[in-house]
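With PDB, C-alpha atoms inside, this is model.pdb:
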```pdb
ATOM      1  CA  MET A  27     140.816 140.707  76.649  1.00  0.00           C
ATOM      2  CA  LYS A  28     141.315 138.344  73.748  1.00  0.00           C
ATOM      3  CA  LYS A  29     140.100 139.594  70.369  1.00  0.00           C
ATOM      4  CA  TYR A  30     137.670 137.447  68.389  1.00  0.00           C
ATOM      5  CA  PRO A  31     137.233 137.574  64.601  1.00  0.00           C
ATOM      6  CA  THR A  32     133.422 137.517  64.679  1.00  0.00           C
ATOM      7  CA  LYS A  33     130.716 138.601  67.102  1.00  0.00           C
ATOM      8  CA  ILE A  34     129.284 135.079  67.133  1.00  0.00           C
ATOM      9  CA  LYS A  35     132.528 133.686  68.539  1.00  0.00           C
ATOM     10  CA  LEU A  36     132.594 136.474  71.105  1.00  0.00           C
ATOM     11  CA  ILE A  37     129.073 135.585  72.275  1.00  0.00           C
ATOM     12  CA  LEU A  38     129.993 131.889  72.389  1.00  0.00           C
ATOM     13  CA  HIS A  39     132.952 132.806  74.580  1.00  0.00           C
ATOM     14  CA  PHE A  40     130.694 134.585  77.057  1.00  0.00           C
ATOM     15  CA  LEU A  41     128.261 131.638  76.985  1.00  0.00           C
ATOM     16  CA  LYS A  42     130.811 129.403  78.714  1.00  0.00           C
ATOM     17  CA  GLY A  43     129.267 128.214  81.950  1.00  0.00           C
ATOM     18  CA  SER A  44     125.712 129.013  80.846  1.00  0.00           C
ATOM     19  CA  LYS A  45     125.353 126.724  77.816  1.00  0.00           C
ATOM     20  CA  ARG A  46     124.057 123.824  79.927  1.00  0.00           C
ATOM     21  CA  TYR A  47     121.307 126.003  81.384  1.00  0.00           C
ATOM     22  CA  PHE A  48     120.198 127.164  77.957  1.00  0.00           C
ATOM     23  CA  ALA A  49     120.368 123.588  76.630  1.00  0.00           C
ATOM     24  CA  LEU A  50     118.161 122.331  79.475  1.00  0.00           C
ATOM     25  CA  SER A  51     115.729 125.187  78.997  1.00  0.00           C
ATOM     26  CA  MET A  52     115.451 124.339  75.295  1.00  0.00           C
ATOM     27  CA  LEU A  53     114.808 120.694  76.159  1.00  0.00           C
ATOM     28  CA  PHE A  54     112.003 121.632  78.543  1.00  0.00           C
ATOM     29  CA  ALA A  55     110.622 124.030  75.927  1.00  0.00           C
ATOM     30  CA  VAL A  56     110.424 121.158  73.428  1.00  0.00           C
ATOM     31  CA  LEU A  57     108.673 118.913  75.962  1.00  0.00           C
ATOM     32  CA  ALA A  58     106.183 121.641  76.932  1.00  0.00           C
ATOM     33  CA  SER A  59     105.396 122.377  73.286  1.00  0.00           C
ATOM     34  CA  LEU A  60     104.925 118.667  72.603  1.00  0.00           C
ATOM     35  CA  LEU A  61     102.452 118.310  75.462  1.00  0.00           C
ATOM     36  CA  ASP A  62     100.573 121.387  74.254  1.00  0.00           C
ATOM     37  CA  MET A  63     100.062 119.565  70.964  1.00  0.00           C
ATOM     38  CA  VAL A  64      98.987 116.318  72.648  1.00  0.00           C
ATOM     39  CA  ASN A  65      95.858 117.680  74.373  1.00  0.00           C
ATOM     40  CA  PRO A  66      94.009 118.470  71.097  1.00  0.00           C
ATOM     41  CA  ARG A  67      94.758 114.927  69.915  1.00  0.00           C
ATOM     42  CA  ILE A  68      93.240 113.547  73.119  1.00  0.00           C
ATOM     43  CA  ILE A  69      90.080 115.598  72.584  1.00  0.00           C
ATOM     44  CA  SER A  70      89.873 114.382  68.990  1.00  0.00           C
ATOM     45  CA  PHE A  71      90.332 110.777  70.133  1.00  0.00           C
ATOM     46  CA  VAL A  72      87.588 111.126  72.756  1.00  0.00           C
ATOM     47  CA  VAL A  73      85.102 112.609  70.297  1.00  0.00           C
ATOM     48  CA  ASP A  74      85.833 110.152  67.472  1.00  0.00           C
ATOM     49  CA  SER A  75      86.554 106.877  69.286  1.00  0.00           C
ATOM     50  CA  VAL A  76      85.185 107.093  72.826  1.00  0.00           C
ATOM     51  CA  ILE A  77      81.960 108.983  72.188  1.00  0.00           C
ATOM     52  CA  GLY A  78      81.776 107.843  68.573  1.00  0.00           C
ATOM     53  CA  ASN A  79      82.584 104.477  67.039  1.00  0.00           C
ATOM     54  CA  LYS A  80      85.534 105.420  64.848  1.00  0.00           C
ATOM     55  CA  ALA A  81      88.704 103.329  65.097  1.00  0.00           C
ATOM     56  CA  SER A  82      91.488 104.842  67.164  1.00  0.00           C
ATOM     57  CA  ALA A  83      93.931 106.968  65.155  1.00  0.00           C
ATOM     58  CA  LEU A  84      96.485 107.115  67.963  1.00  0.00           C
ATOM     59  CA  PRO A  85      99.963 105.596  67.507  1.00  0.00           C
ATOM     60  CA  ALA A  86     100.183 101.826  67.850  1.00  0.00           C
ATOM     61  CA  ALA A  87     102.254 102.042  71.041  1.00  0.00           C
ATOM     62  CA  VAL A  88      99.593 104.186  72.716  1.00  0.00           C
ATOM     63  CA  ASN A  89      96.843 101.795  71.602  1.00  0.00           C
ATOM     64  CA  ARG A  90      98.731  98.819  73.032  1.00  0.00           C
ATOM     65  CA  LEU A  91      99.197 100.671  76.315  1.00  0.00           C
ATOM     66  CA  MET A  92      95.466 101.422  76.498  1.00  0.00           C
ATOM     67  CA  GLU A  93      94.596  97.791  75.771  1.00  0.00           C
ATOM     68  CA  ARG A  94      96.518  96.734  78.863  1.00  0.00           C
ATOM     69  CA  PHE A  95      94.165  98.821  80.991  1.00  0.00           C
ATOM     70  CA  GLY A  96      90.933  97.843  79.274  1.00  0.00           C
ATOM     71  CA  GLY A  97      91.070  99.909  76.097  1.00  0.00           C
ATOM     72  CA  ILE A  98      88.269 102.137  74.836  1.00  0.00           C
ATOM     73  CA  PRO A  99      85.468 100.263  76.711  1.00  0.00           C
ATOM     74  CA  ALA A 100      87.176 101.090  80.022  1.00  0.00           C
ATOM     75  CA  LEU A 101      87.308 104.770  79.062  1.00  0.00           C
ATOM     76  CA  ARG A 102      83.597 104.711  78.226  1.00  0.00           C
ATOM     77  CA  GLU A 103      82.788 103.215  81.605  1.00  0.00           C
ATOM     78  CA  HIS A 104      85.107 105.555  83.521  1.00  0.00           C
ATOM     79  CA  PRO A 105      85.179 108.928  81.704  1.00  0.00           C
ATOM     80  CA  PHE A 106      86.860 110.584  84.685  1.00  0.00           C
ATOM     81  CA  LEU A 107      90.079 108.841  83.608  1.00  0.00           C
ATOM     82  CA  ILE A 108      90.100 111.021  80.487  1.00  0.00           C
ATOM     83  CA  ALA A 109      89.715 114.147  82.626  1.00  0.00           C
ATOM     84  CA  PHE A 110      92.528 113.028  84.928  1.00  0.00           C
ATOM     85  CA  GLY A 111      94.770 112.311  81.939  1.00  0.00           C
ATOM     86  CA  THR A 112      94.094 115.709  80.374  1.00  0.00           C
ATOM     87  CA  CYS A 113      94.709 117.518  83.668  1.00  0.00           C
ATOM     88  CA  GLY A 114      97.881 115.488  84.245  1.00  0.00           C
ATOM     89  CA  ILE A 115      99.266 116.424  80.850  1.00  0.00           C
ATOM     90  CA  GLY A 116      98.435 120.088  81.455  1.00  0.00           C
ATOM     91  CA  LEU A 117     100.114 119.981  84.868  1.00  0.00           C
ATOM     92  CA  LEU A 118     103.199 118.295  83.436  1.00  0.00           C
ATOM     93  CA  ALA A 119     103.382 120.936  80.691  1.00  0.00           C
ATOM     94  CA  ALA A 120     103.234 123.660  83.367  1.00  0.00           C
ATOM     95  CA  VAL A 121     106.107 121.989  85.249  1.00  0.00           C
ATOM     96  CA  PHE A 122     108.162 121.855  82.056  1.00  0.00           C
ATOM     97  CA  ARG A 123     107.475 125.557  81.446  1.00  0.00           C
ATOM     98  CA  TYR A 124     108.644 126.343  84.974  1.00  0.00           C
ATOM     99  CA  PHE A 125     111.923 124.497  84.440  1.00  0.00           C
ATOM    100  CA  PHE A 126     112.284 126.183  81.048  1.00  0.00           C
ATOM    101  CA  ARG A 127     111.961 129.661  82.547  1.00  0.00           C
ATOM    102  CA  THR A 128     114.192 128.780  85.505  1.00  0.00           C
ATOM    103  CA  GLY A 129     116.962 127.394  83.293  1.00  0.00           C
ATOM    104  CA  ASN A 130     116.675 130.312  80.920  1.00  0.00           C
ATOM    105  CA  ALA A 131     116.936 132.823  83.782  1.00  0.00           C
ATOM    106  CA  ARG A 132     119.941 131.082  85.346  1.00  0.00           C
ATOM    107  CA  GLY A 133     121.682 130.848  81.997  1.00  0.00           C
ATOM    108  CA  ALA A 134     121.033 134.539  81.282  1.00  0.00           C
ATOM    109  CA  GLU A 135     122.352 135.672  84.662  1.00  0.00           C
ATOM    110  CA  THR A 136     125.460 133.490  84.337  1.00  0.00           C
ATOM    111  CA  PHE A 137     126.019 134.905  80.859  1.00  0.00           C
ATOM    112  CA  VAL A 138     125.708 138.490  82.134  1.00  0.00           C
ATOM    113  CA  ARG A 139     127.965 137.894  85.131  1.00  0.00           C
ATOM    114  CA  ARG A 140     130.748 136.485  82.973  1.00  0.00           C
ATOM    115  CA  MET A 141     130.455 139.357  80.527  1.00  0.00           C
ATOM    116  CA  ARG A 142     130.542 142.034  83.247  1.00  0.00           C
ATOM    117  CA  ASP A 143     133.463 140.386  85.060  1.00  0.00           C
ATOM    118  CA  GLU A 144     135.552 140.298  81.911  1.00  0.00           C
ATOM    119  CA  LEU A 145     134.577 143.844  80.961  1.00  0.00           C
ATOM    120  CA  PHE A 146     135.570 145.110  84.417  1.00  0.00           C
ATOM    121  CA  ALA A 147     138.899 143.239  84.298  1.00  0.00           C
ATOM    122  CA  HIS A 148     139.569 144.618  80.815  1.00  0.00           C
ATOM    123  CA  ILE A 149     138.762 148.215  81.822  1.00  0.00           C
ATOM    124  CA  MET A 150     140.935 147.993  84.928  1.00  0.00           C
ATOM    125  CA  TYR A 151     144.019 147.184  82.819  1.00  0.00           C
ATOM    126  CA  LEU A 152     143.456 149.941  80.259  1.00  0.00           C
ATOM    127  CA  PRO A 153     145.916 152.890  80.387  1.00  0.00           C
ATOM    128  CA  TYR A 154     145.043 156.143  82.160  1.00  0.00           C
ATOM    129  CA  LYS A 155     144.969 157.939  78.802  1.00  0.00           C
ATOM    130  CA  TRP A 156     142.000 155.852  77.680  1.00  0.00           C
ATOM    131  CA  HIS A 157     140.067 156.736  80.828  1.00  0.00           C
ATOM    132  CA  GLY A 158     140.775 160.389  80.208  1.00  0.00           C
ATOM    133  CA  GLU A 159     139.487 160.225  76.621  1.00  0.00           C
ATOM    134  CA  ASN A 160     136.255 158.373  77.503  1.00  0.00           C
ATOM    135  CA  SER A 161     133.630 159.731  79.861  1.00  0.00           C
ATOM    136  CA  THR A 162     132.606 157.796  82.934  1.00  0.00           C
ATOM    137  CA  GLY A 163     128.972 157.728  81.787  1.00  0.00           C
ATOM    138  CA  ASP A 164     129.868 155.960  78.538  1.00  0.00           C
ATOM    139  CA  ILE A 165     131.934 153.370  80.396  1.00  0.00           C
ATOM    140  CA  ILE A 166     129.096 152.674  82.833  1.00  0.00           C
ATOM    141  CA  GLN A 167     126.613 152.418  79.972  1.00  0.00           C
ATOM    142  CA  ARG A 168     128.741 149.779  78.242  1.00  0.00           C
ATOM    143  CA  CYS A 169     128.696 147.683  81.416  1.00  0.00           C
ATOM    144  CA  THR A 170     124.984 148.115  82.229  1.00  0.00           C
ATOM    145  CA  SER A 171     122.460 148.938  79.515  1.00  0.00           C
ATOM    146  CA  ASP A 172     124.497 147.502  76.620  1.00  0.00           C
ATOM    147  CA  VAL A 173     125.049 144.261  78.512  1.00  0.00           C
ATOM    148  CA  GLN A 174     121.329 144.094  79.287  1.00  0.00           C
ATOM    149  CA  THR A 175     120.534 144.526  75.588  1.00  0.00           C
ATOM    150  CA  ILE A 176     122.723 141.544  74.692  1.00  0.00           C
ATOM    151  CA  LYS A 177     121.172 139.569  77.542  1.00  0.00           C
ATOM    152  CA  ARG A 178     117.632 140.240  76.238  1.00  0.00           C
ATOM    153  CA  PHE A 179     118.688 139.183  72.754  1.00  0.00           C
ATOM    154  CA  VAL A 180     120.149 135.865  73.927  1.00  0.00           C
ATOM    155  CA  SER A 181     117.640 134.953  76.652  1.00  0.00           C
ATOM    156  CA  GLU A 182     114.432 136.315  75.112  1.00  0.00           C
ATOM    157  CA  GLN A 183     114.529 136.945  71.381  1.00  0.00           C
ATOM    158  CA  LEU A 184     116.812 134.057  70.419  1.00  0.00           C
ATOM    159  CA  VAL A 185     114.992 131.642  72.719  1.00  0.00           C
ATOM    160  CA  GLN A 186     111.571 132.734  71.465  1.00  0.00           C
ATOM    161  CA  LEU A 187     112.759 132.247  67.888  1.00  0.00           C
ATOM    162  CA  PHE A 188     113.815 128.704  68.747  1.00  0.00           C
ATOM    163  CA  ARG A 189     110.475 128.009  70.460  1.00  0.00           C
ATOM    164  CA  THR A 190     108.572 129.344  67.453  1.00  0.00           C
ATOM    165  CA  VAL A 191     110.476 127.018  65.124  1.00  0.00           C
ATOM    166  CA  ILE A 192     109.712 124.082  67.454  1.00  0.00           C
ATOM    167  CA  MET A 193     105.996 124.944  67.511  1.00  0.00           C
ATOM    168  CA  ILE A 194     105.859 125.168  63.720  1.00  0.00           C
ATOM    169  CA  VAL A 195     107.634 121.824  63.270  1.00  0.00           C
ATOM    170  CA  LEU A 196     105.381 120.058  65.782  1.00  0.00           C
ATOM    171  CA  ALA A 197     102.228 121.626  64.329  1.00  0.00           C
ATOM    172  CA  VAL A 198     103.171 120.545  60.804  1.00  0.00           C
ATOM    173  CA  TYR A 199     103.931 117.018  62.063  1.00  0.00           C
ATOM    174  CA  PHE A 200     100.597 116.612  63.852  1.00  0.00           C
ATOM    175  CA  MET A 201      98.668 118.138  60.960  1.00  0.00           C
ATOM    176  CA  ALA A 202     100.391 115.728  58.571  1.00  0.00           C
ATOM    177  CA  ARG A 203      99.417 112.807  60.821  1.00  0.00           C
ATOM    178  CA  ILE A 204      95.810 113.993  60.901  1.00  0.00           C
ATOM    179  CA  HIS A 205      95.774 114.429  57.123  1.00  0.00           C
ATOM    180  CA  SER A 206      97.229 110.969  56.539  1.00  0.00           C
ATOM    181  CA  GLY A 207      94.611 109.538  58.886  1.00  0.00           C
ATOM    182  CA  CYS A 208      91.848 111.014  56.722  1.00  0.00           C
ATOM    183  CA  GLY A 209      92.864 108.674  53.901  1.00  0.00           C
ATOM    184  CA  GLY A 210      93.135 111.444  51.347  1.00  0.00           C
ATOM    185  CA  ARG A 211      89.417 111.977  51.000  1.00  0.00           C
ATOM    186  CA  ARG A 212      88.394 113.692  47.812  1.00  0.00           C
ATOM    187  CA  SER A 213      85.974 115.878  49.711  1.00  0.00           C
ATOM    188  CA  LEU A 214      88.941 117.752  51.198  1.00  0.00           C
ATOM    189  CA  VAL A 215      90.017 118.920  47.749  1.00  0.00           C
ATOM    190  CA  HIS A 216      87.766 121.248  45.778  1.00  0.00           C
ATOM    191  CA  CYS A 217      88.473 122.354  42.231  1.00  0.00           C
ATOM    192  CA  PRO A 218      85.899 124.986  41.240  1.00  0.00           C
ATOM    193  CA  GLY A 219      87.057 125.284  37.646  1.00  0.00           C
ATOM    194  CA  LYS A 220      86.850 121.580  36.946  1.00  0.00           C
ATOM    195  CA  SER A 221      83.476 121.142  38.668  1.00  0.00           C
ATOM    196  CA  ASP A 222      82.033 124.153  36.839  1.00  0.00           C
ATOM    197  CA  ARG A 223      83.193 122.798  33.477  1.00  0.00           C
ATOM    198  CA  SER A 224      81.672 119.393  34.271  1.00  0.00           C
ATOM    199  CA  ALA A 225      78.382 121.026  35.236  1.00  0.00           C
ATOM    200  CA  GLY A 226      78.423 123.032  32.018  1.00  0.00           C
ATOM    201  CA  ARG A 227      78.915 119.905  29.919  1.00  0.00           C
ATOM    202  CA  ALA A 228      76.043 118.234  31.766  1.00  0.00           C
ATOM    203  CA  ARG A 229      73.734 121.146  30.971  1.00  0.00           C
ATOM    204  CA  PHE A 230      74.398 121.140  27.241  1.00  0.00           C
ATOM    205  CA  ARG A 231      74.713 117.356  26.841  1.00  0.00           C
ATOM    206  CA  PRO A 232      72.197 116.015  24.291  1.00  0.00           C
ATOM    207  CA  GLY A 233      69.296 114.448  26.084  1.00  0.00           C
ATOM    208  CA  GLY A 234      70.329 116.016  29.359  1.00  0.00           C
ATOM    209  CA  LEU A 235      69.191 119.100  31.152  1.00  0.00           C
ATOM    210  CA  ARG A 236      68.376 122.086  28.983  1.00  0.00           C
ATOM    211  CA  ALA A 237      70.351 125.256  29.353  1.00  0.00           C
ATOM    212  CA  ARG A 238      68.761 127.837  31.572  1.00  0.00           C
ATOM    213  CA  GLU A 239      67.496 130.834  29.702  1.00  0.00           C
ATOM    214  CA  ILE A 240      68.929 134.217  30.578  1.00  0.00           C
TER     215      ILE A 240
END
```
Starting from the file, give its structure as structure tokens.
Amino acid sequence: MKKYPTKIKLILHFLKGSKRYFALSMLFAVLASLLDMVNPRIISFVVDSVIGNKASALPAAVNRLMERFGGIPALREHPFLIAFGTCGIGLLAAVFRYFFRTGNARGAETFVRRMRDELFAHIMYLPYKWHGENSTGDIIQRCTSDVQTIKRFVSEQLVQLFRTVIMIVLAVYFMARIHSGCGGRRSLVHCPGKSDRSAGRARFRPGGLRAREI
């Protein structure tokens, strides 16, 4: 077996043949996370613009697409369209999660098969002296439980870390869009120290309110 200078390069070597599955699973994870963030925006749009009279805060492309089908008045006349849209997005997110888990599982099994095949080929060509110095239980453990530990790290922990980063990035993006849509209202920012000092000056201002007695 070829020696590699770092463990990262060794793992990348074993990932040959399974990279496309992991790449597809990451793509479907991004799409599923994006759709999970879209449903709250739909609910906010319905409450503010369909039930209420606030202007739509959706992207311009989405507003133009709605205008082709009647816009907000059509949604007010046919509210079941909103329910169908929400259910459709949820169903599509579930399909993306299915493909994410399927691709992740196939990539993990391909990764493990390549690793075990190369380990077996490497052990078969080792000298008899090495087999005499190492117990059979240790050799089997290297090819079973240790390989499973690496598999869990690549297919579960590393993938979950990537999904967490995606969720954080998307959440920050949508929160920034919501904040920018608020127009930077001053009511969102509260400075207790400044307000208390202003109230204190108003109390002791000549001709103003008298100070409360203790």
Problem set entry | Shell of 9 Å around Met193 in chain A, only C-alpha atoms, local chain residues under 6 positions omitted, as a ChimeraX atom specification | /A:56,59-60,63
Same residues, C-alpha atoms, output as a compact mmCIF listing (two decimals), in the coordinates of the input:
```txt
# COMPACT_ATOMS: atom_id res chain seq x y z
CA VAL A 56 110.42 121.16 73.43
CA SER A 59 105.40 122.38 73.29
CA LEU A 60 104.92 118.67 72.60
CA MET A 63 100.06 119.56 70.96
```
For this session: List, as a list in words, every residue that the PyMOL selection byres ((chain A and resi 99-113) around 8) selects in the file provided.
Result: Asn65, Ile68, Val76, Ile77, Phe95, Gly96, Gly97, Ile98, Gly114, Ile115, Gly116 and Leu117 of chain A
Include C-alpha atoms and write out the residues we just selected as an mmCIF file, in the coordinates of the input.
```
data_model
loop_
_atom_site.group_PDB
_atom_site.id
_atom_site.type_symbol
_atom_site.label_atom_id
_atom_site.label_comp_id
_atom_site.auth_asym_id
_atom_site.auth_seq_id
_atom_site.Cartn_x
_atom_site.Cartn_y
_atom_site.Cartn_z
ATOM 1 C CA ASN A 65 95.858 117.680 74.373
ATOM 2 C CA ILE A 68 93.240 113.547 73.119
ATOM 3 C CA VAL A 76 85.185 107.093 72.826
ATOM 4 C CA ILE A 77 81.960 108.983 72.188
ATOM 5 C CA PHE A 95 94.165 98.821 80.991
ATOM 6 C CA GLY A 96 90.933 97.843 79.274
ATOM 7 C CA GLY A 97 91.070 99.909 76.097
ATOM 8 C CA ILE A 98 88.269 102.137 74.836
ATOM 9 C CA GLY A 114 97.881 115.488 84.245
ATOM 10 C CA ILE A 115 99.266 116.424 80.850
ATOM 11 C CA GLY A 116 98.435 120.088 81.455
ATOM 12 C CA LEU A 117 100.114 119.981 84.868
#
```
Problem set entry | Interatomic distance (Å, one decimal) between CA of Tyr124 in chain A and CA of Leu84 in chain A |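 It comes out at 28.4 Å.
Among the candidates A:Leu91, A:Ala202, A:Ala197, A:Val121, the residue lying nearest to Ser51 in chain A is A:Val121 (atoms considered: only C-alpha atoms).
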Please put the answer as JSON: centre and edge lengths, in Å with one decimal, of a box along x, y and z that encloses all listed atoms of range 53-58 of chain A plus 3 Å on each side.
```
{"center_x": 110.5, "center_y": 121.5, "center_z": 76.0, "size_x": 14.6, "size_y": 11.1, "size_z": 11.1}
```
For this session: Around the point (116.7, 126.2, 81.5) in the file's coordinates, collect all residues with an atom within 10 Å, using all atoms listed in the file, and return them as a ChimeraX atom specification.
Result: /A:44-55,122-134
For this session: List the residues selected by the PyMOL selection byres ((chain A and resi 170) around 12) in the file shown, writing them as a list in words.
Result: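 This file, filtered by the PyMOL selection byres ((chain A and resi 170) around 12), leaves Val138, Arg139, Met141, Arg142, Asp143, Leu145, Phe146, Gly163, Asp164, Ile165, Ile166, Gln167, Arg168, Cys169, Ser171, Asp172, Val173, Gln174, Thr175, Ile176 and Lys177 of chain A.
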Evaluate the PyMOL selection byres ((chain A and resi 38-40) around 8) here and jot the selected residues down as a compact mmCIF listing (two decimals) with C-alpha atoms, in the coordinates of the input.
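Just written: selection-v4.txt:
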```txt
# COMPACT_ATOMS: atom_id res chain seq x y z
CA ILE A 34 129.28 135.08 67.13
CA LYS A 35 132.53 133.69 68.54
CA LEU A 36 132.59 136.47 71.10
CA ILE A 37 129.07 135.58 72.28
CA LEU A 41 128.26 131.64 76.98
CA LYS A 42 130.81 129.40 78.71
CA PHE A 137 126.02 134.90 80.86
CA ARG A 140 130.75 136.49 82.97
CA MET A 141 130.46 139.36 80.53
```
Seminar exercise, completed: Separating CA of Glu135 in chain A from CA of Ala120 in chain A, to the nearest tenth of an Å, is a gap of 22.6 Å
Seminar exercise, completed: The distance between CA of Ser75 in chain A and CA of Arg94 in chain A is 17.1 Å
